[in-house]
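To start, the structure itself, in structure tokens.
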Protein chains: 2
Amino acid sequence: MVGAENVLVDDAARLARATGLSYLDLLRRRSPTADFPVPDAVVLPADPDEVQAVLEACVRHDVGVVPFGGGTSVVGGVAALRGGKTAVIALDLVRLDALVSVDAESRIAVLQAGVRGPEAERLLGGHGLTLGHIPQSFERATIGGFAATRSAGQASSGYGRFEDMVTGVRLATPRGEWKLGVAPASAAGPDLRQLAVGSEGTLGVITEVALRVRPQPPVRRYEGYALPGWAAGAAAVRDLAQHHALADVTRLSDVDETEVSLALNAGLKTTALRRYLAARGVRRPCFLIVGWEGTAHDVALRRRETARRLKAAGAVRVGKALGESWRHGRFAGPRQRDALLDRGVCVETLETAAYWSNVDELRDDVRAALTASLGRAIVMCHISHAYETGASLYFTVLTARDGSDPIGQWQRAKAAACEAISGLGTISHHHAVGVDHAPYLAAEIGSLGVEVLRAAKSVVDPTGILNPGKLV
Amino acid sequence: MVGAENVLVDDAARLARATGLSYLDLLRRRSPTADFPVPDAVVLPADPDEVQAVLEACVRHDVGVVPFGGGTSVVGGVAALRGGKTAVIALDLVRLDALVSVDAESRIAVLQAGVRGPEAERLLGGHGLTLGHIPQSFERATIGGFAATRSAGQASSGYGRFEDMVTGVRLATPRGEWKLGVAPASAAGPDLRQLAVGSEGTLGVITEVALRVRPQPPVRRYEGYALPGWAAGAAAVRDLAQHHALADVTRLSDVDETEVSLALNAGLKTTALRRYLAARGVRRPCFLIVGWEGTAHDVALRRRETARRLKAAGAVRVGKALGESWRHGRFAGPRQRDALLDRGVCVETLETAAYWSNVDELRDDVRAALTASLGRAIVMCHISHAYETGASLYFTVLTARDGSDPIGQWQRAKAAACEAISGLGTISHHHAVGVDHAPYLAAEIGSLGVEVLRAAKSVVDPTGILNPGKLV
């Protein structure tokens, strides 16, 4: 039904869709002895109808289906678990690569699930539009993956989280197609779009997403500030969020992350900068990246307002170089990991979000848990997304890899961090649940919440072929 | 378990909780022969624990439970249907009237479900805070009702819809308590808060809601503009929404609604105003009410931006009188209905929302459907809520009441309007589903969507005691 050339059974094709890109995934792929599941075949449908047909065939033959987009999951979301099925396929959506329609008046574009970030921007750019969704996984990740995982881009303060952009979803399910989203807002019962978004392939294969788009911004302005310490920095970001003065990108590094930036950033004249900041009362700087996108008029207006508030908060302007250097390096993080792995480093990130009154305690607790588990480690943290009621916290951890048990070393540290998060914040702000966070879901949404998700799944996927072993 | 004095079985108490406030409800209550269900008892628990205990007793005795807040439903949401149960109670939440907690740093307040709009503002006002949720039902409706029905207030452009304010929900269910909401945003699976919000009492009794609050605005500024016709008015509102320049209240009347305003508004010097507008090219005016709330600085900044765009769209400023007159009359609509009913008028409202490219067609179709069904009728329409991707449409209908079959007269007209809406927009933008819109839900969320809601319900309410016959 998809054509023989679109069913791949060779080892290279299967292995390429066997894991995501977490540190543990990278370790396992490097290890000659690591054991991880690999799909029995890779199937590449061309369009939503073929996806539907493949699902129906998989029901008939009791085959598990792992939807596969960019393969950038860091939580085991694309692990080829078969969940008791006779076989499991990776359903690679790369051929669903079309811009289906543009409604310029409503500012809505429908994109197919397999469109990657840059291609989405290129297709929309042809209409003078942008999605503005730029997570770190942008270069590889897909529209379907963004929706399935409730992704949040680096400019989420301005463009919103991915779920804020989704106006409609088209899913293929073993029970037939399911389409949601007829109006910008509705009181016609619960918002089931918000059940589809974040369903991680367990409630259907997302084949098309209708998205709110915006005109391409003629002006992009990024710059850096320094704040005197974490408490002052977090308070400044909170002030911006609660006064609707956030820049589109608003990213606050803690002192440790700032020190690493100062040490590594070749573009900054570090000694002069330290002296300049110290003379203005900023001795333990926390860097703040702020970026605006829009018309010259809007950027000027909003930038003035942000700057006014930052100045009142004790921030010192560092200038454009810091902002531009962040912008140009924004996708580099994942690529640097391979080089660090080669050098025997354990390097991974994790993230959460909490209400403002919990943010400091949560940061302290996660840092303490990681340090207690790993011993000597560099633990850096930044706020990457801010809201009126709270913020995300994104941690980067570097330590010497335990040569005898590198996987266990990180699994213990990650478990300690998750225990510290549970109860104070969410187990994931934008990385999703997958396999890795599933043990912590019930603590967050209640055992009733887990049962409700399972009940929803048994409606659309009665034989349980969809992404076995993920989410619930 | 709630005290004998909090179980009411007298006719007056039962009748008072038997219906909401739709036109059909009012007709039925006036008719000596109309037949409508009345609860067998009214139970008034004091707190979430008592709600939980009552639910468990109702499971044991197979008694239906209709949660009751302000009783302002216009879709049959509080009809005392028993759905095959041995009896049905109205669970009046009026005693759950506390402000539970305030987290000023996170700008979150927890309010109990029975707190009415004005009392919520009074309680929050004691902390210098406001919710800013001011629907037309404000004076009577409750926090729990707002959440259960996905309410949208008149200032939703500024403060957001009620679901945008909800950070957490506490529900009593026959399976035990269910709490949701640990962070401002999360990727830990689907957002189940958005399943609880809009669940209309079918997935649990909402006992407490954690809400994003804001400082009380020192300045409130309301004013009126006139635009040259509906197309120009809708285009201007769309321009504001798509450029993030909406006032907190943004409400555009069509020509017919504007004519009624001009005829009835004693505060306007109508002839002089018509001449003034005509001299500026506005011959068939559409009134636009815009209102900002905030600090003097913010209001001035935002008002300037809105004014700049409105001027470019051909809007003529009418002044403060129009804005203030709307603000002072904003809750009067429902109260005027009784007087109109006394005079033999059929008067009702209905509402929907659609993407911008469907808004005009939807307005035309609904007007045509109503007029075809009712014959001579005044059908007025306004946009009350605007989004980047679309807007709500709110219709007010006035016609001579059919003395022999007044209920059938409106049921036929409403059905015709619903048929016109279905496929182009949502069956309800902020009035919910209840009984009246239930037949149209499957067309909007799919039969799979309805099955998913039923499956969720069977998890939390396996014997089906919660608000029988509503939503699904």
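If you're wondering about the labels, chains in the structure tokens are A, B, ... by order shown, residues count from 1 in each chain, ligands from 1 in order shown.
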Using only C-alpha atoms, determine which residues lie at most 8 Å from segment 206-220 of chain B, disregarding the query and same-chain residues fewer than 5 positions distant; provide the list as a PyMOL selection string.
(chain A and resi 388-389) or (chain B and resi 47-48+51+96+107-114+125+128-132+143-144+147-148+165-172+201+291-296+299)
Take the selection from the previous step and output its residues with N, CA and C atoms, as a short mmCIF file (atom, residue, chain, number, x, y, z; two decimals), in the first residue's frame.
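Written out: selection_18.cif:
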data_model
loop_
_atom_site.label_atom_id
_atom_site.label_comp_id
_atom_site.auth_asym_id
_atom_site.auth_seq_id
_atom_site.Cartn_x
_atom_site.Cartn_y
_atom_site.Cartn_z
N GLU A 388 3.46 34.47 33.30
CA GLU A 388 3.03 35.31 34.42
C GLU A 388 3.14 34.54 35.74
N THR A 389 2.81 33.25 35.71
CA THR A 389 2.72 32.51 36.97
C THR A 389 3.97 31.69 37.28
N ASP B 47 -17.74 22.26 52.06
CA ASP B 47 -16.34 22.29 51.63
C ASP B 47 -16.06 21.10 50.72
N PRO B 48 -14.85 21.04 50.13
CA PRO B 48 -14.54 19.95 49.20
C PRO B 48 -14.72 18.56 49.81
N VAL B 51 -18.34 17.68 49.71
CA VAL B 51 -18.72 17.37 48.32
C VAL B 51 -18.35 15.92 48.01
N LEU B 96 -19.33 26.84 49.34
CA LEU B 96 -17.88 26.81 49.06
C LEU B 96 -17.48 28.20 48.59
N ARG B 107 1.40 35.18 41.42
CA ARG B 107 0.15 35.74 40.91
C ARG B 107 -0.91 34.66 40.71
N ILE B 108 -1.07 33.82 41.73
CA ILE B 108 -2.08 32.76 41.68
C ILE B 108 -2.94 32.84 42.94
N ALA B 109 -4.23 32.75 42.77
CA ALA B 109 -5.16 32.67 43.90
C ALA B 109 -6.01 31.42 43.73
N VAL B 110 -6.27 30.74 44.84
CA VAL B 110 -7.15 29.58 44.81
C VAL B 110 -8.51 30.00 45.39
N LEU B 111 -9.53 29.84 44.59
CA LEU B 111 -10.89 30.20 45.01
C LEU B 111 -11.76 28.96 45.00
N GLN B 112 -12.68 28.91 45.96
CA GLN B 112 -13.62 27.78 45.96
C GLN B 112 -14.69 27.98 44.88
N ALA B 113 -15.31 26.87 44.53
CA ALA B 113 -16.18 26.85 43.35
C ALA B 113 -17.42 27.72 43.48
N GLY B 114 -17.90 27.92 44.71
CA GLY B 114 -19.17 28.63 44.86
C GLY B 114 -19.06 30.14 44.93
N GLY B 125 -9.67 41.72 45.81
CA GLY B 125 -9.41 43.14 46.00
C GLY B 125 -8.76 43.42 47.35
N GLY B 128 -5.32 43.50 46.74
CA GLY B 128 -4.90 44.37 45.65
C GLY B 128 -4.94 43.70 44.29
N LEU B 129 -5.68 42.56 44.21
CA LEU B 129 -5.65 41.76 42.98
C LEU B 129 -7.01 41.74 42.29
N THR B 130 -7.02 41.33 41.06
CA THR B 130 -8.26 41.13 40.31
C THR B 130 -8.13 39.91 39.43
N LEU B 131 -9.29 39.30 39.14
CA LEU B 131 -9.32 38.20 38.18
C LEU B 131 -9.56 38.76 36.79
N GLY B 132 -10.40 39.79 36.70
CA GLY B 132 -10.67 40.41 35.41
C GLY B 132 -11.61 39.61 34.53
N ILE B 143 -17.23 30.80 40.25
CA ILE B 143 -15.91 30.33 39.80
C ILE B 143 -16.00 28.91 39.23
N GLY B 144 -16.71 28.04 39.94
CA GLY B 144 -16.84 26.66 39.46
C GLY B 144 -17.56 26.59 38.12
N ALA B 147 -15.39 27.72 35.23
CA ALA B 147 -14.44 26.68 34.81
C ALA B 147 -15.16 25.54 34.10
N ALA B 148 -16.30 25.15 34.64
CA ALA B 148 -17.01 24.00 34.07
C ALA B 148 -17.49 24.27 32.65
N MET B 165 -6.90 31.44 32.41
CA MET B 165 -6.60 31.86 33.78
C MET B 165 -6.39 30.66 34.72
N VAL B 166 -6.93 29.52 34.34
CA VAL B 166 -6.90 28.36 35.24
C VAL B 166 -5.50 27.75 35.26
N THR B 167 -4.87 27.75 36.43
CA THR B 167 -3.59 27.05 36.56
C THR B 167 -3.77 25.69 37.22
N GLY B 168 -4.85 25.53 37.98
CA GLY B 168 -5.08 24.25 38.63
C GLY B 168 -6.55 24.04 38.93
N VAL B 169 -6.94 22.78 39.02
CA VAL B 169 -8.33 22.43 39.30
C VAL B 169 -8.35 21.31 40.34
N ARG B 170 -9.27 21.42 41.28
CA ARG B 170 -9.51 20.34 42.24
C ARG B 170 -10.93 19.84 42.01
N LEU B 171 -11.04 18.57 41.71
CA LEU B 171 -12.36 17.99 41.44
C LEU B 171 -12.67 16.90 42.44
N ALA B 172 -13.94 16.84 42.82
CA ALA B 172 -14.43 15.66 43.55
C ALA B 172 -15.05 14.74 42.51
N GLY B 201 -19.48 19.48 34.69
CA GLY B 201 -19.99 18.65 35.78
C GLY B 201 -20.08 17.18 35.46
N GLY B 291 -11.86 49.19 25.54
CA GLY B 291 -11.59 49.52 26.94
C GLY B 291 -10.26 48.95 27.37
N TRP B 292 -9.48 49.77 28.08
CA TRP B 292 -8.18 49.33 28.57
C TRP B 292 -8.19 49.42 30.08
N GLU B 293 -7.46 48.51 30.72
CA GLU B 293 -7.34 48.54 32.18
C GLU B 293 -5.88 48.31 32.52
N GLY B 294 -5.34 49.09 33.44
CA GLY B 294 -3.95 48.91 33.83
C GLY B 294 -3.40 50.16 34.47
N THR B 295 -2.08 50.25 34.49
CA THR B 295 -1.46 51.46 35.00
C THR B 295 -1.67 52.59 33.98
N ALA B 296 -1.54 53.81 34.44
CA ALA B 296 -1.71 54.96 33.54
C ALA B 296 -0.72 54.85 32.37
N VAL B 299 -1.87 51.93 29.99
CA VAL B 299 -3.10 52.27 29.27
C VAL B 299 -2.79 53.32 28.19
#
Looking only at strand (DSSP E or B) from DSSP on the backbone, list the matching residues of segment 78-239 of chain B as a ChimeraX atom specification.
/B:87-92,99-103,108-112,116,129-130,142,166-173,176-180,205-212,214-215,219-228
DSSP-assigned alpha helix (DSSP H) members of segment 235-331 of chain A, reported as number ranges by chain:
A: 235-242, 255-264, 270-279, 296-312, 320-328
Pick out the closest residue to Val249 of chain B from this set: B:Glu305, B:Asp364, B:Asp461, B:Glu223. Count only C-alpha atoms.
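Among the listed residues, the smallest separation from Val249 of chain B belongs to B:Glu223.
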Kindly give the distance, in Å, that separates atom CA of Arg17 of chain A and atom CA of Thr142 of chain A, rounded to a single decimal.
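Taking atom CA of Arg17 of chain A as the start and atom CA of Thr142 of chain A as the end point, the length is 14.3 Å.
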Need the shell around Gly83 of chain A: protein/DNA/RNA residues with any atom at most 10 Å away, counting only C-alpha atoms. Skip same-chain ones fewer than 4 positions apart. Format as an mmCIF file with N, CA and C atoms, in the first residue's frame?
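Saved to part_26.cif:
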data_model
loop_
_atom_site.group_PDB
_atom_site.id
_atom_site.type_symbol
_atom_site.label_atom_id
_atom_site.label_comp_id
_atom_site.auth_asym_id
_atom_site.auth_seq_id
_atom_site.Cartn_x
_atom_site.Cartn_y
_atom_site.Cartn_z
ATOM 1 N N VAL A 63 0.641 -5.490 14.776
ATOM 2 C CA VAL A 63 1.995 -4.925 14.708
ATOM 3 C C VAL A 63 2.011 -3.565 15.406
ATOM 4 N N GLY A 64 2.976 -3.385 16.276
ATOM 5 C CA GLY A 64 3.131 -2.090 16.941
ATOM 6 C C GLY A 64 3.643 -1.021 15.981
ATOM 7 N N ALA A 87 5.265 -7.732 16.132
ATOM 8 C CA ALA A 87 6.360 -7.008 15.489
ATOM 9 C C ALA A 87 6.133 -5.532 15.744
ATOM 10 N N VAL A 88 7.131 -4.724 15.387
ATOM 11 C CA VAL A 88 6.967 -3.274 15.543
ATOM 12 C C VAL A 88 7.621 -2.575 14.356
ATOM 13 N N GLY A 464 -4.150 -1.512 20.992
ATOM 14 C CA GLY A 464 -2.898 -1.039 21.578
ATOM 15 C C GLY A 464 -1.686 -1.108 20.666
ATOM 16 N N ILE A 465 -1.874 -0.788 19.386
ATOM 17 C CA ILE A 465 -0.712 -0.830 18.482
ATOM 18 C C ILE A 465 0.111 0.456 18.519
ATOM 19 N N LEU A 466 -0.494 1.574 19.013
ATOM 20 C CA LEU A 466 0.149 2.881 18.849
ATOM 21 C C LEU A 466 1.202 3.148 19.919
ATOM 22 N N ASN A 467 2.436 3.309 19.484
ATOM 23 C CA ASN A 467 3.581 3.649 20.323
ATOM 24 C C ASN A 467 3.560 2.950 21.684
ATOM 25 N N PRO A 468 3.665 1.625 21.660
ATOM 26 C CA PRO A 468 3.561 0.852 22.907
ATOM 27 C C PRO A 468 4.607 1.297 23.935
ATOM 28 N N GLY A 469 4.187 1.350 25.188
ATOM 29 C CA GLY A 469 5.132 1.611 26.281
ATOM 30 C C GLY A 469 5.501 3.061 26.484
ATOM 31 N N LYS A 470 4.866 3.975 25.756
ATOM 32 C CA LYS A 470 5.168 5.402 25.927
ATOM 33 C C LYS A 470 4.029 6.083 26.691
#
Tell me which of B:Thr202, B:His133, B:Val345, B:Asp103 sits closest to Asp402 of chain B, counting only C-alpha atoms.
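Closest to Asp402 of chain B of all the choices is B:Val345.
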Compile the contact shell of Ile407 of chain A as number ranges by chain: residues with an atom at most 8 Å away, counting only C-alpha atoms, same-chain residues fewer than 2 positions apart removed.
A: 24, 27, 405, 409-411
Create the file for the chosen residues now, containing C-alpha atoms and written as a PDB file, in the first residue's frame.
ATOM      1  CA  LEU A  24      21.765   7.436  27.036  1.00  0.00           C
ATOM      2  CA  LEU A  27      25.930   5.995  24.783  1.00  0.00           C
ATOM      3  CA  ASP A 405      28.908   2.030  34.355  1.00  0.00           C
ATOM      4  CA  GLN A 409      25.770   6.734  36.432  1.00  0.00           C
ATOM      5  CA  TRP A 410      23.327   8.948  34.503  1.00  0.00           C
ATOM      6  CA  GLN A 411      20.238   6.873  35.269  1.00  0.00           C
TER       7      GLN A 411
END
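Those residues that approach Trp326 of chain A to within 9 Å, counting only C-alpha atoms, are Tyr222, Glu223, Gly224, Ile289, Ala321, Leu322 and Arg330 of chain A; same-chain residues fewer than 4 positions away are not listed.
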Next, write the just-selected residues to a file, as a tab-separated table (two decimals), in the first residue's frame, keeping N, CA, C and O atoms as the atom set.
chain	number	residue	atom	x	y	z
A	222	TYR	N	18.61	41.12	18.74
A	222	TYR	CA	19.00	40.32	19.91
A	222	TYR	C	20.08	41.05	20.66
A	222	TYR	O	20.99	41.60	20.06
A	223	GLU	N	19.97	41.05	21.99
A	223	GLU	CA	21.06	41.66	22.74
A	223	GLU	C	21.17	41.02	24.11
A	223	GLU	O	20.35	40.19	24.51
A	224	GLY	N	22.21	41.39	24.82
A	224	GLY	CA	22.48	40.79	26.12
A	224	GLY	C	22.48	41.81	27.23
A	224	GLY	O	22.83	42.97	27.03
A	289	ILE	N	19.64	36.96	27.78
A	289	ILE	CA	19.51	37.20	26.34
A	289	ILE	C	18.07	37.65	26.07
A	289	ILE	O	17.13	37.00	26.52
A	321	ALA	N	26.48	42.02	20.76
A	321	ALA	CA	27.38	40.89	20.48
A	321	ALA	C	26.92	39.64	21.23
A	321	ALA	O	26.89	38.53	20.68
A	322	LEU	N	26.56	39.82	22.49
A	322	LEU	CA	26.14	38.67	23.32
A	322	LEU	C	24.87	38.05	22.75
A	322	LEU	O	24.75	36.81	22.64
A	330	ARG	N	22.66	28.92	18.64
A	330	ARG	CA	21.49	28.36	19.34
A	330	ARG	C	21.25	26.89	19.06
A	330	ARG	O	20.59	26.22	19.85
